[in-house]
$ cat protein.cif   # mmCIF, C-alpha atoms and all ligand atoms
data_my_file
#
loop_
_atom_site.label_atom_id
_atom_site.label_comp_id
_atom_site.auth_asym_id
_atom_site.auth_seq_id
_atom_site.Cartn_x
_atom_site.Cartn_y
_atom_site.Cartn_z
CA MET A 1 -3.19 52.38 89.54
CA ALA A 2 0.25 52.10 87.98
CA GLU A 3 0.94 53.95 84.76
CA LYS A 4 0.57 51.73 81.71
CA VAL A 5 3.63 51.05 79.61
CA THR A 6 3.10 50.83 75.84
CA ILE A 7 5.06 48.62 73.48
CA SER A 8 4.94 49.84 69.87
CA VAL A 9 6.42 47.84 67.04
CA ILE A 10 6.58 49.61 63.69
CA LYS A 11 8.08 47.71 60.78
CA ALA A 12 8.73 48.25 57.10
CA ASP A 13 10.65 47.01 54.10
CA VAL A 14 12.34 50.08 52.63
CA GLY A 15 14.91 48.34 50.46
CA SER A 16 17.36 45.45 50.42
CA VAL A 17 20.55 44.22 48.75
CA CYS A 18 20.18 41.98 45.66
CA GLY A 19 16.42 41.36 45.57
CA HIS A 20 14.15 40.98 48.61
CA THR A 21 16.89 39.84 50.98
CA ARG A 22 18.45 41.99 53.71
CA PRO A 23 18.47 45.73 54.46
CA HIS A 24 21.89 47.39 54.18
CA PRO A 25 23.58 47.72 57.61
CA SER A 26 23.72 51.52 57.22
CA MET A 27 19.89 51.57 57.11
CA ILE A 28 19.67 49.71 60.42
CA GLU A 29 22.31 52.08 61.86
CA LYS A 30 20.29 55.10 60.71
CA CYS A 31 17.16 53.74 62.42
CA LYS A 32 19.16 53.17 65.64
CA GLU A 33 20.51 56.74 65.57
CA THR A 34 17.03 58.17 65.01
CA LEU A 35 15.55 56.19 67.92
CA ALA A 36 18.55 56.89 70.19
CA ASP A 37 17.99 60.64 69.67
CA ALA A 38 14.31 60.19 70.50
CA ALA A 39 15.13 58.27 73.68
CA LYS A 40 17.48 61.09 74.75
CA GLN A 41 14.70 63.60 74.14
CA GLY A 42 12.31 61.50 76.23
CA ILE A 43 9.92 60.70 73.38
CA ILE A 44 10.41 56.97 74.06
CA GLU A 45 11.84 55.12 77.08
CA ASP A 46 13.72 52.44 75.16
CA PHE A 47 14.08 50.74 71.77
CA TYR A 48 15.58 47.84 69.86
CA VAL A 49 16.16 47.73 66.11
CA THR A 50 16.33 44.39 64.32
CA ARG A 51 15.24 42.76 61.07
CA VAL A 52 13.77 39.61 59.59
CA GLY A 53 14.70 39.06 55.95
CA ASP A 54 14.25 42.42 54.21
CA ASP A 55 12.01 43.93 56.92
CA ILE A 56 13.35 46.37 59.53
CA ASN A 57 11.54 46.13 62.89
CA LEU A 58 11.54 48.95 65.43
CA PHE A 59 10.61 47.84 68.96
CA MET A 60 9.81 50.87 71.13
CA SER A 61 8.58 51.31 74.70
CA HIS A 62 7.02 54.46 76.17
CA TYR A 63 4.26 55.81 78.42
CA LYS A 64 2.38 57.73 75.72
CA GLY A 65 -0.28 55.10 74.88
CA GLU A 66 -1.24 53.51 71.58
CA ASN A 67 -1.64 55.57 68.39
CA ASN A 68 0.57 58.34 69.75
CA ALA A 69 1.43 60.79 66.95
CA GLU A 70 4.94 61.52 68.27
CA VAL A 71 5.85 57.81 68.49
CA HIS A 72 4.35 57.01 65.09
CA LYS A 73 6.18 59.97 63.54
CA LEU A 74 9.39 58.59 64.95
CA GLY A 75 8.83 55.31 63.06
CA TRP A 76 7.99 57.30 59.95
CA ASP A 77 11.15 59.45 60.29
CA ALA A 78 13.40 56.40 60.81
CA PHE A 79 12.00 54.68 57.72
CA THR A 80 12.09 57.77 55.49
CA GLU A 81 15.73 58.35 56.49
CA ALA A 82 16.58 54.68 55.79
CA THR A 83 14.77 55.01 52.44
CA LYS A 84 17.07 57.91 51.46
CA LEU A 85 20.09 55.64 51.97
CA ALA A 86 18.42 52.77 50.08
CA LYS A 87 17.66 55.07 47.13
CA GLN A 88 21.21 56.44 47.12
CA MET A 89 22.54 52.85 46.84
CA LYS A 90 19.81 51.92 44.31
CA LEU A 91 18.79 49.03 46.56
CA TYR A 92 15.98 46.72 45.59
CA GLY A 93 12.51 47.97 46.52
CA ALA A 94 13.91 51.21 47.98
CA GLY A 95 11.04 52.89 49.83
CA GLN A 96 8.74 49.91 49.03
CA ASP A 97 6.52 50.33 52.11
CA ILE A 98 6.44 54.14 52.18
CA LEU A 99 3.12 54.84 50.50
CA THR A 100 2.43 58.48 51.27
CA ASP A 101 4.48 61.64 50.71
CA ALA A 102 3.93 63.12 54.16
CA PHE A 103 3.15 61.89 57.67
CA SER A 104 -0.41 62.66 58.70
CA GLY A 105 -0.48 61.80 62.42
CA ASN A 106 -0.69 57.99 62.38
CA ILE A 107 1.48 55.32 60.76
CA LYS A 108 -1.61 53.26 59.83
CA GLY A 109 -2.37 53.70 56.15
CA ALA A 110 1.08 55.21 55.51
CA GLY A 111 2.60 51.82 54.56
CA PRO A 112 4.60 50.45 57.53
CA GLY A 113 2.95 47.75 59.69
CA SER A 114 2.31 48.34 63.39
CA ALA A 115 1.37 46.40 66.51
CA GLU A 116 0.93 48.11 69.89
CA MET A 117 -0.20 47.10 73.37
CA SER A 118 -0.50 48.97 76.69
CA PHE A 119 -0.52 47.24 80.06
CA GLU A 120 0.39 47.55 83.71
CA GLU A 121 3.84 46.03 84.04
CA ARG A 122 3.71 43.00 86.37
CA PRO A 123 6.51 42.24 88.87
CA ALA A 124 7.99 40.00 86.16
CA GLU A 125 6.89 40.69 82.60
CA PRO A 126 8.30 38.38 79.89
CA VAL A 127 7.56 39.58 76.32
CA ILE A 128 8.16 37.68 73.08
CA PHE A 129 8.38 39.41 69.71
CA PHE A 130 7.62 37.16 66.75
CA MET A 131 8.68 38.61 63.39
CA ALA A 132 7.93 37.05 60.00
CA ASP A 133 9.11 37.69 56.46
CA LYS A 134 7.53 36.58 53.15
CA THR A 135 4.08 35.94 54.60
CA GLU A 136 0.90 37.64 55.82
CA PRO A 137 -0.80 38.45 59.18
CA SER A 138 -3.18 35.47 59.05
CA ALA A 139 -0.14 33.16 59.14
CA TYR A 140 -0.25 33.67 62.94
CA SER A 141 -3.85 32.39 63.17
CA LEU A 142 -2.90 28.70 63.27
CA PRO A 143 -0.14 28.92 65.91
CA LEU A 144 -2.11 31.42 68.06
CA SER A 145 -5.19 29.17 67.89
CA ARG A 146 -3.13 26.25 69.11
CA ILE A 147 -1.53 28.36 71.85
CA TYR A 148 -4.72 30.00 73.21
CA LEU A 149 -7.52 27.60 72.25
CA ASP A 150 -6.08 24.09 72.38
CA PRO A 151 -5.58 22.48 75.80
CA PHE A 152 -3.74 19.59 74.14
CA THR A 153 -1.13 22.15 73.08
CA THR A 154 -1.10 24.54 76.05
CA THR A 155 -1.34 22.58 79.28
CA GLY A 156 -1.60 25.92 81.10
CA LEU A 157 -5.18 26.28 79.78
CA VAL A 158 -6.03 23.31 82.02
CA ILE A 159 -3.74 23.69 85.04
CA ASP A 160 -3.35 27.49 85.44
CA ALA A 161 -6.54 28.81 87.11
CA LYS A 162 -6.23 32.25 85.46
CA ALA A 163 -5.52 30.89 81.97
CA LYS A 164 -8.48 28.54 82.44
CA LYS A 165 -10.81 31.57 82.54
CA GLY A 166 -10.14 31.87 78.80
CA PHE A 167 -9.36 34.63 76.34
CA ASP A 168 -11.16 37.20 74.17
CA VAL A 169 -10.06 37.01 70.55
CA GLU A 170 -10.47 40.07 68.29
CA ILE A 171 -10.77 38.86 64.70
CA HIS A 172 -10.48 41.15 61.69
CA ASP A 173 -12.06 40.61 58.32
CA VAL A 174 -9.25 42.21 56.32
CA LEU A 175 -11.27 42.37 53.09
CA ASP A 176 -14.47 43.97 54.43
CA HIS A 177 -12.74 46.01 57.18
CA LYS A 178 -14.90 44.55 59.95
CA LYS A 179 -14.00 43.24 63.40
CA VAL A 180 -15.58 41.00 66.04
CA VAL A 181 -14.53 39.92 69.55
CA MET A 182 -15.24 36.27 70.36
CA SER A 183 -14.58 34.38 73.60
CA SER A 184 -12.77 31.13 74.23
CA PRO A 185 -13.39 28.47 75.38
CA GLU A 186 -17.18 28.89 74.73
CA GLU A 187 -16.89 30.00 71.11
CA THR A 188 -13.73 28.10 70.19
CA LEU A 189 -15.26 26.14 67.32
CA SER A 190 -16.93 29.24 65.83
CA ILE A 191 -13.64 31.14 66.14
CA LEU A 192 -11.89 28.38 64.20
CA SER A 193 -14.64 28.38 61.61
CA LEU A 194 -13.66 31.96 60.74
CA LEU A 195 -9.88 31.74 61.19
CA GLY A 196 -9.55 28.70 58.93
CA ASP A 197 -10.10 31.09 55.99
CA THR A 198 -6.68 32.74 56.07
CA SER A 199 -7.44 34.79 52.95
CA ARG A 200 -9.98 36.90 54.85
CA TYR A 201 -9.71 36.56 58.64
CA ALA A 202 -6.80 37.28 60.96
CA ILE A 203 -6.33 37.61 64.71
CA LYS A 204 -5.65 41.21 65.68
CA ARG A 205 -5.53 40.94 69.46
CA ILE A 206 -6.08 38.47 72.29
CA THR A 207 -7.00 39.61 75.81
CA SER A 208 -6.98 37.74 79.13
CA ARG A 209 -10.40 37.12 80.74
CA ALA A 210 -8.69 36.98 84.14
CA GLY A 211 -7.99 40.72 84.17
CA ILE A 212 -4.32 40.54 83.13
CA GLY A 213 -4.96 42.75 80.08
CA PRO A 214 -3.68 42.26 76.54
CA ALA A 215 -1.97 38.92 75.86
CA CYS A 216 -0.92 39.40 72.24
CA VAL A 217 -1.27 41.77 69.29
CA VAL A 218 -0.58 41.24 65.58
CA SER A 219 0.14 43.79 62.83
CA THR A 220 -2.73 43.43 60.36
CA ASP A 221 -2.38 46.47 58.12
CA LYS A 222 -2.81 44.83 54.73
CA LEU A 223 -0.59 46.79 52.41
CA ASN A 224 -2.26 45.70 49.22
CA LEU A 225 -5.57 47.08 50.44
CA THR A 226 -4.06 50.20 51.99
CA ALA A 227 -2.41 51.11 48.72
CA GLY A 228 -5.32 50.08 46.52
CA LYS A 229 -2.82 48.04 44.54
CA TYR A 230 -0.41 45.33 45.53
CA VAL A 231 2.89 46.65 46.90
CA GLY A 232 4.26 43.77 48.98
CA LYS A 233 2.98 41.22 51.48
CA ASP A 234 2.50 42.64 54.93
CA ASP A 235 5.27 40.62 56.61
CA PRO A 236 3.74 40.64 60.11
CA VAL A 237 4.91 40.98 63.72
CA CYS A 238 3.18 39.54 66.79
CA VAL A 239 3.94 40.76 70.32
CA CYS A 240 3.07 38.39 73.20
CA ARG A 241 3.13 38.68 77.00
CA ALA A 242 3.86 35.41 78.80
CA GLN A 243 3.52 33.43 82.08
CA SER A 244 1.25 33.65 85.17
CA GLY A 245 -2.24 33.38 83.69
CA LEU A 246 -0.97 33.71 80.12
CA PRO A 247 0.68 30.99 78.03
CA SER A 248 4.22 30.35 79.26
CA VAL A 249 7.22 31.21 77.07
CA GLY A 250 7.67 27.52 76.29
CA GLU A 251 3.99 27.11 75.41
CA TYR A 252 4.31 29.93 72.88
CA LEU A 253 7.40 28.47 71.27
CA GLN A 254 6.52 24.78 71.09
CA VAL A 255 3.87 25.15 68.34
CA PHE A 256 6.59 26.20 65.91
CA MET A 257 7.98 22.64 66.09
CA ASN A 258 5.11 21.83 63.71
CA THR A 259 5.61 22.36 60.00
CA MET A 260 3.06 24.93 58.82
CA LEU A 261 2.38 26.13 55.28
CA VAL A 262 1.90 29.90 54.99
CA ALA A 263 0.99 32.18 52.07
CA GLY A 264 3.70 34.43 50.66
CA TRP A 265 7.15 33.21 49.65
CA MET A 266 8.23 33.96 46.04
CA ARG A 267 6.42 37.01 44.59
CA GLY A 268 3.99 36.76 47.52
CA SER A 269 2.12 34.19 45.45
CA HIS A 270 3.07 30.74 46.79
CA TYR A 271 2.57 28.50 49.79
CA GLY A 272 5.80 27.61 51.56
CA ALA A 273 6.63 26.17 54.99
CA TRP A 274 7.50 28.48 57.88
CA TYR A 275 11.20 28.33 58.75
CA PRO A 276 12.03 29.26 62.36
CA CYS A 277 15.46 30.89 62.72
CA SER A 278 17.60 33.63 64.25
CA PRO A 279 17.40 37.08 62.62
CA ASP A 280 21.04 36.44 61.62
CA ASN A 281 19.84 33.44 59.60
CA SER A 282 16.77 35.11 58.12
CA ASP A 283 18.09 35.93 54.63
CA PRO A 284 15.61 34.41 52.17
CA THR A 285 17.91 32.25 50.06
CA TYR A 286 15.65 29.52 48.62
CA PHE A 287 13.07 30.82 46.11
CA ASP A 288 12.99 34.03 48.18
CA GLY A 289 12.34 31.99 51.34
CA PRO A 290 11.12 29.76 52.74
CA PRO A 291 9.03 32.26 54.77
CA ARG A 292 10.92 33.08 57.99
CA ILE A 293 9.76 33.33 61.60
CA CYS A 294 11.99 34.68 64.41
CA ALA A 295 11.23 34.95 68.14
CA LEU A 296 13.07 37.42 70.39
CA GLY A 297 12.49 37.69 74.13
CA PHE A 298 12.89 40.38 76.81
CA GLN A 299 11.77 41.12 80.34
CA MET A 300 10.08 44.50 80.69
CA CYS A 301 11.77 46.49 83.43
CA ASN A 302 10.22 49.82 84.44
CA GLY A 303 9.29 50.64 80.86
CA ARG A 304 12.53 49.36 79.38
CA PHE A 305 13.60 46.17 77.63
CA GLN A 306 15.90 43.97 79.70
CA GLY A 307 17.79 41.28 77.79
CA LEU A 308 21.19 39.72 78.40
CA GLU A 309 23.02 43.08 78.25
CA LYS A 310 24.10 45.20 81.22
CA TYR A 311 21.27 46.54 83.39
CA GLY A 312 20.19 50.04 82.42
CA THR A 313 21.29 49.83 78.78
CA VAL A 314 19.08 51.77 76.35
CA GLY A 315 18.77 50.60 72.73
CA ASP A 316 21.79 48.34 72.58
CA HIS A 317 20.07 45.16 73.72
CA VAL A 318 20.85 41.43 73.55
CA PRO A 319 17.50 39.61 73.46
CA MET A 320 16.88 35.91 73.94
CA ASP A 321 17.02 34.51 70.39
CA PHE A 322 14.69 31.53 70.72
CA PHE A 323 14.86 29.93 67.28
CA LYS A 324 18.65 30.09 67.01
CA GLY A 325 19.42 26.75 68.65
CA ALA A 326 20.11 23.29 67.17
CA GLU A 327 16.80 21.79 68.41
CA TRP A 328 15.12 23.86 65.67
CA ASP A 329 17.27 22.21 62.95
CA TYR A 330 14.70 19.43 62.97
CA VAL A 331 11.85 21.71 61.94
CA ARG A 332 14.07 23.78 59.62
CA GLN A 333 14.88 20.63 57.63
CA ARG A 334 11.25 19.63 57.52
CA ALA A 335 10.33 23.17 56.36
CA VAL A 336 12.80 22.90 53.47
CA LYS A 337 11.49 19.43 52.60
CA ALA A 338 7.84 20.57 52.65
CA SER A 339 8.71 23.70 50.64
CA LYS A 340 10.59 21.63 48.07
CA PHE A 341 7.56 19.38 47.75
CA MET A 342 5.33 22.41 47.10
CA ARG A 343 7.77 23.56 44.40
CA SER A 344 7.30 20.27 42.59
CA MET A 345 3.80 21.55 41.70
CA GLY A 346 5.27 24.53 39.78
CA PRO A 347 2.70 27.20 38.83
CA PHE A 348 -0.30 25.02 39.77
CA MET A 349 -2.59 25.43 42.78
CA PRO A 350 -2.19 24.68 45.65
CA ALA A 351 1.53 25.52 45.20
CA ILE A 352 0.40 28.97 44.05
CA LEU A 353 -2.28 30.94 45.92
CA GLY A 354 -5.90 31.21 44.83
CA PRO A 355 -6.59 33.87 42.16
CA GLU A 356 -7.90 36.45 44.65
CA GLU A 357 -4.65 36.30 46.63
CA MET A 358 -2.06 36.28 43.85
CA GLU A 359 0.22 39.25 43.94
CA TYR A 360 1.01 38.95 40.27
CA THR A 361 -1.16 37.64 37.48
CA SER A 362 -0.96 37.77 33.71
CA ARG A 363 -4.45 36.35 33.34
CA PRO A 364 -6.39 39.55 32.41
CA ALA A 365 -3.88 40.21 29.60
CA VAL A 366 -4.08 36.60 28.40
CA LEU A 367 -7.89 36.69 28.41
CA ASN A 368 -7.81 40.01 26.59
CA GLU A 369 -5.62 38.55 23.84
CA LEU A 370 -7.99 35.61 23.53
CA LYS A 371 -11.13 37.75 23.30
CA GLN A 372 -11.74 36.96 19.61
CA ARG A 373 -10.98 33.25 20.04
CA LEU A 374 -13.15 32.51 23.10
CA GLU A 375 -16.27 30.57 22.11
CA ASP A 376 -19.31 29.43 24.01
CA LEU A 377 -19.40 25.77 24.98
CA ASP A 378 -21.88 23.69 23.00
P1 LIG B 401 10.09 27.30 86.94
O1 LIG B 401 9.57 26.39 88.01
O2 LIG B 401 11.47 26.92 86.42
O3 LIG B 401 9.91 28.74 87.25
O4 LIG B 401 9.13 27.05 85.62
C1 LIG B 401 7.75 27.18 85.71
C2 LIG B 401 7.11 27.25 84.38
O5 LIG B 401 6.04 27.78 84.27
C3 LIG B 401 7.76 26.69 83.18
O6 LIG B 401 6.97 26.89 82.03
P1 LIG B 402 8.85 41.11 50.46
O1 LIG B 402 7.35 41.24 50.73
O2 LIG B 402 9.57 40.51 51.61
O3 LIG B 402 9.41 42.40 49.99
O4 LIG B 402 9.00 40.03 49.28
C1 LIG B 402 8.33 40.26 48.08
C2 LIG B 402 8.62 39.26 47.01
O5 LIG B 402 8.12 39.40 45.93
C3 LIG B 402 9.51 38.11 47.27
O6 LIG B 402 9.66 37.30 46.12
MG MG B 403 11.11 43.34 49.82
MG MG B 404 9.75 41.25 53.52
#
$ encode --input "protein.cif" --output "C-alpha cells" --more "lines below"
Ligand code: 13P
Ligand code: 13P
Ligand code: MG
Ligand code: MG
Amino acid sequence: MAEKVTISVIKADVGSVCGHTRPHPSMIEKCKETLADAAKQGIIEDFYVTRVGDDINLFMSHYKGENNAEVHKLGWDAFTEATKLAKQMKLYGAGQDILTDAFSGNIKGAGPGSAEMSFEERPAEPVIFFMADKTEPSAYSLPLSRIYLDPFTTTGLVIDAKAKKGFDVEIHDVLDHKKVVMSSPEETLSILSLLGDTSRYAIKRITSRAGIGPACVVSTDKLNLTAGKYVGKDDPVCVCRAQSGLPSVGEYLQVFMNTMLVAGWMRGSHYGAWYPCSPDNSDPTYFDGPPRICALGFQMCNGRFQGLEKYGTVGDHVPMDFFKGAEWDYVRQRAVKASKFMRSMGPFMPAILGPEEMEYTSRPAVLNELKQRLEDLD
C-alpha cells in the first residue's frame, strides 16, 4: 500500500491593516520563510501561503499524518512570528487568534483553525482549497449539501458509478461537542434536518463510500467556544479532492453561482451574501465584507502541490484561482445587491443574528439599567 500523503491547512487572523482587512505583506513573508525552512529540514514536503481578507492560510503537505505535533508546531511558530510583526506595527487585532501562551502539542484549542486529510495519492489528484473570511464553518453546509447530496446539482451522483455509491457525512454539534456519521443517499433528508440549523451543526468531513477515502474536510474549531469568550468568527477553510468517483472540479464550483446568505460580516453579527473572488480581491471593503469565499486549485504530485509554476517548485506556487474570472461578476453583483438589501433592515433580525449567535450585545447592560423599571404585565 502506498504511503498516505497528508494535507494540513492551518489558518489564523493575527492582525491586519486598518481594521479587519488584510495582513501586512511582511507577515505573509515571515510565514513563507518559516515554512521554507521547515521544508528544507524535511518537516514538510511542500507549502503555499495565502490569505482571504484578514486571515492567513498555510497549506502544507507531508507524510507525517494528521495531528502531527511537529507540523502543528510549525503553524504555531509561523503565526507567533507574524504576530510579533503585527504587534510591532500596532496592527488591528494583532495576535487575535493566538489564545494560549505556549504550544502544547496540537494546534486545536490554541486558537488557529485547522483542516487535515490523509489519502493515497491517485494517478491524478485534483485538490481545491476553499477559504472564507467573515463567516463560520457551517456556512459550507449548504454548498456541500448541494454538491454531495443533490443529484439535480451534481450530475456525477447519477452518472458516475463510484459517486453513486454515496458518501458518509460526519456532522459536528459545535455547541454540545458531539459528532455523528450519517450516510447519503439513504439518510439525506435526516442529514438536512440537522444541517439546516447552522447555529449548531456543521459538516466536519465527507468520505467516499466507494473506497476512495476522504472527499472533503472543513475547519470547525469554534473560536468563541475554545476561548470561553468571543474572540472572532472562525473564518473557515474547506479542502476538497475532486474527479473520478468524487464531485468534479466544475461540480464543486458551480454551486457558488447561487447567492447564499451566511452568518458573520460586520462584527460577526450579521447575515450577508457570500462573495466569490480571488484572494487579491478579498479585502472586506463594504461593511467589513460582504463575507468572502475564494477557491484555489492544485494537482497533488508525489506529496507536493503542482500549480501553473515550473515543475518541482517548492512553496512558490501559482494555483488555479477559480473565482477570479468575469463569469463570477454576475454572482458578485447579486451578492452586493442581497447584502445591501439586508442592510436596509439595520439592527433588526434577520439582518442581525439571533441572540445566541451575536458576537456583541449590549442587552445585559441595558436590562441591568432597567432593573428598577421592569414591571410585570397585568
Ligand atoms: P474531459 O473529458 O475534458 O476530461 O472532462 C471530463 C469531466 O469530468 C469534466 O467534468
Ligand atoms: P474577523 O473575524 O475577520 O477578524 O472580523 C471580525 C469583525 O468584527 C469584522 O467586523
Ligand atoms: Mg480580524
Ligand atoms: Mg477574518
$ closest_residue --input "protein.cif" --among "A:Tyr92, A:Phe256, A:Phe167, A:Tyr330" --to "ligand MG 404 (chain B)" --atoms "all atoms listed in the file"
A:Tyr92
$ closest_residue --input "protein.cif" --among "A:Gly166, A:Pro25, A:Gly264, A:Gly325" --to "Glu359 in chain A" --atoms "all atoms listed in the file"
A:Gly264
$ closest_residue --input "protein.cif" --among "A:Asp234, A:Asp150, A:Glu33, A:Asp316" --to "ligand LIG 402 (chain B)" --atoms "only C-alpha atoms and all ligand atoms"
A:Asp234
$ residues_around --input "protein.cif" --residues "Lys11 in chain A" --least-positions-apart "5" --cutoff "9 Å" --atoms "only C-alpha atoms" --output "number ranges by chain"
A: 51, 55-59, 75, 79, 112-115, 235-237
$ write_last_selection --input "protein.cif" --atoms "C-alpha atoms" --output "tab-separated table (two decimals), keeping the file's coordinate frame"
chain	number	residue	atom	x	y	z
A	51	ARG	CA	15.24	42.76	61.07
A	55	ASP	CA	12.01	43.93	56.92
A	56	ILE	CA	13.35	46.37	59.53
A	57	ASN	CA	11.54	46.13	62.89
A	58	LEU	CA	11.54	48.95	65.43
A	59	PHE	CA	10.61	47.84	68.96
A	75	GLY	CA	8.83	55.31	63.06
A	79	PHE	CA	12.00	54.68	57.72
A	112	PRO	CA	4.60	50.45	57.53
A	113	GLY	CA	2.95	47.75	59.69
A	114	SER	CA	2.31	48.34	63.39
A	115	ALA	CA	1.37	46.40	66.51
A	235	ASP	CA	5.27	40.62	56.61
A	236	PRO	CA	3.74	40.64	60.11
A	237	VAL	CA	4.91	40.98	63.72
$ residues_near_ligand --input "protein.cif" --ligand "ligand MG 403 (chain B)" --cutoff "9 Å" --atoms "all atoms listed in the file" --output "VMD selection string"
chain A and resid 13 to 16 19 to 22 53 to 55 92 to 94 96 to 97 133 to 134 232 to 233
$ residues_around --input "protein.cif" --residues "Val336 in chain A" --least-positions-apart "3" --cutoff "8 Å" --atoms "all atoms listed in the file" --output "number ranges by chain"
A: 273, 275, 290, 332-333, 339-340
$ residues_around --input "protein.cif" --residues "Ile191 in chain A" --least-positions-apart "6" --cutoff "12 Å" --atoms "all atoms listed in the file" --output "list in words"
Ser141, Leu142, Leu144, Ser145, Arg146, Tyr148, Leu149, Phe167, Asp168, Val169, Glu170, Ile171, His172, Val180, Val181, Met182, Ser183, Ser184, Pro185, Asp197, Tyr201, Ala202 and Ile203 of chain A
$ write_last_selection --input "protein.cif" --atoms "C-alpha atoms" --output "tab-separated table (two decimals), in the frame of the given file"
chain	number	residue	atom	x	y	z
A	141	SER	CA	-3.85	32.39	63.17
A	142	LEU	CA	-2.90	28.70	63.27
A	144	LEU	CA	-2.11	31.42	68.06
A	145	SER	CA	-5.19	29.17	67.89
A	146	ARG	CA	-3.13	26.25	69.11
A	148	TYR	CA	-4.72	30.00	73.21
A	149	LEU	CA	-7.52	27.60	72.25
A	167	PHE	CA	-9.36	34.63	76.34
A	168	ASP	CA	-11.16	37.20	74.17
A	169	VAL	CA	-10.06	37.01	70.55
A	170	GLU	CA	-10.47	40.07	68.29
A	171	ILE	CA	-10.77	38.86	64.70
A	172	HIS	CA	-10.48	41.15	61.69
A	180	VAL	CA	-15.58	41.00	66.04
A	181	VAL	CA	-14.53	39.92	69.55
A	182	MET	CA	-15.24	36.27	70.36
A	183	SER	CA	-14.58	34.38	73.60
A	184	SER	CA	-12.77	31.13	74.23
A	185	PRO	CA	-13.39	28.47	75.38
A	197	ASP	CA	-10.10	31.09	55.99
A	201	TYR	CA	-9.71	36.56	58.64
A	202	ALA	CA	-6.80	37.28	60.96
A	203	ILE	CA	-6.33	37.61	64.71
$ residues_near_ligand --input "protein.cif" --ligand "ligand LIG 401 (chain B)" --cutoff "12 Å" --atoms "only C-alpha atoms and all ligand atoms" --output "JSON, numbers by chain"
{"A": [124, 126, 154, 155, 156, 159, 160, 242, 243, 244, 245, 246, 247, 248, 249, 250, 251, 252, 253, 254]}
$ write_last_selection --input "protein.cif" --atoms "C-alpha atoms" --output "compact mmCIF listing (two decimals), in the coordinates of the input"
# COMPACT_ATOMS: atom_id res chain seq x y z
CA ALA A 124 7.99 40.00 86.16
CA PRO A 126 8.30 38.38 79.89
CA THR A 154 -1.10 24.54 76.05
CA THR A 155 -1.34 22.58 79.28
CA GLY A 156 -1.60 25.92 81.10
CA ILE A 159 -3.74 23.69 85.04
CA ASP A 160 -3.35 27.49 85.44
CA ALA A 242 3.86 35.41 78.80
CA GLN A 243 3.52 33.43 82.08
CA SER A 244 1.25 33.65 85.17
CA GLY A 245 -2.24 33.38 83.69
CA LEU A 246 -0.97 33.71 80.12
CA PRO A 247 0.68 30.99 78.03
CA SER A 248 4.22 30.35 79.26
CA VAL A 249 7.22 31.21 77.07
CA GLY A 250 7.67 27.52 76.29
CA GLU A 251 3.99 27.11 75.41
CA TYR A 252 4.31 29.93 72.88
CA LEU A 253 7.40 28.47 71.27
CA GLN A 254 6.52 24.78 71.09
$ atom_distance --input "protein.cif" --atom1 "CA of Ala215 in chain A" --atom2 "CA of Ser61 in chain A"
16.3 Å
$ closest_residue --input "protein.cif" --among "A:Val127, A:Met260, A:Ile206, A:Val255" --to "Cys240 in chain A" --atoms "only C-alpha atoms"
A:Val127
$ atom_distance --input "protein.cif" --atom1 "CA of Arg304 in chain A" --atom2 "CA of Met60 in chain A"
8.8 Å
$ closest_residue --input "protein.cif" --among "A:Glu136, A:Glu120, A:Glu187, A:Asp376" --to "ligand MG 404 (chain B)" --atoms "only C-alpha atoms and all ligand atoms"
A:Glu136
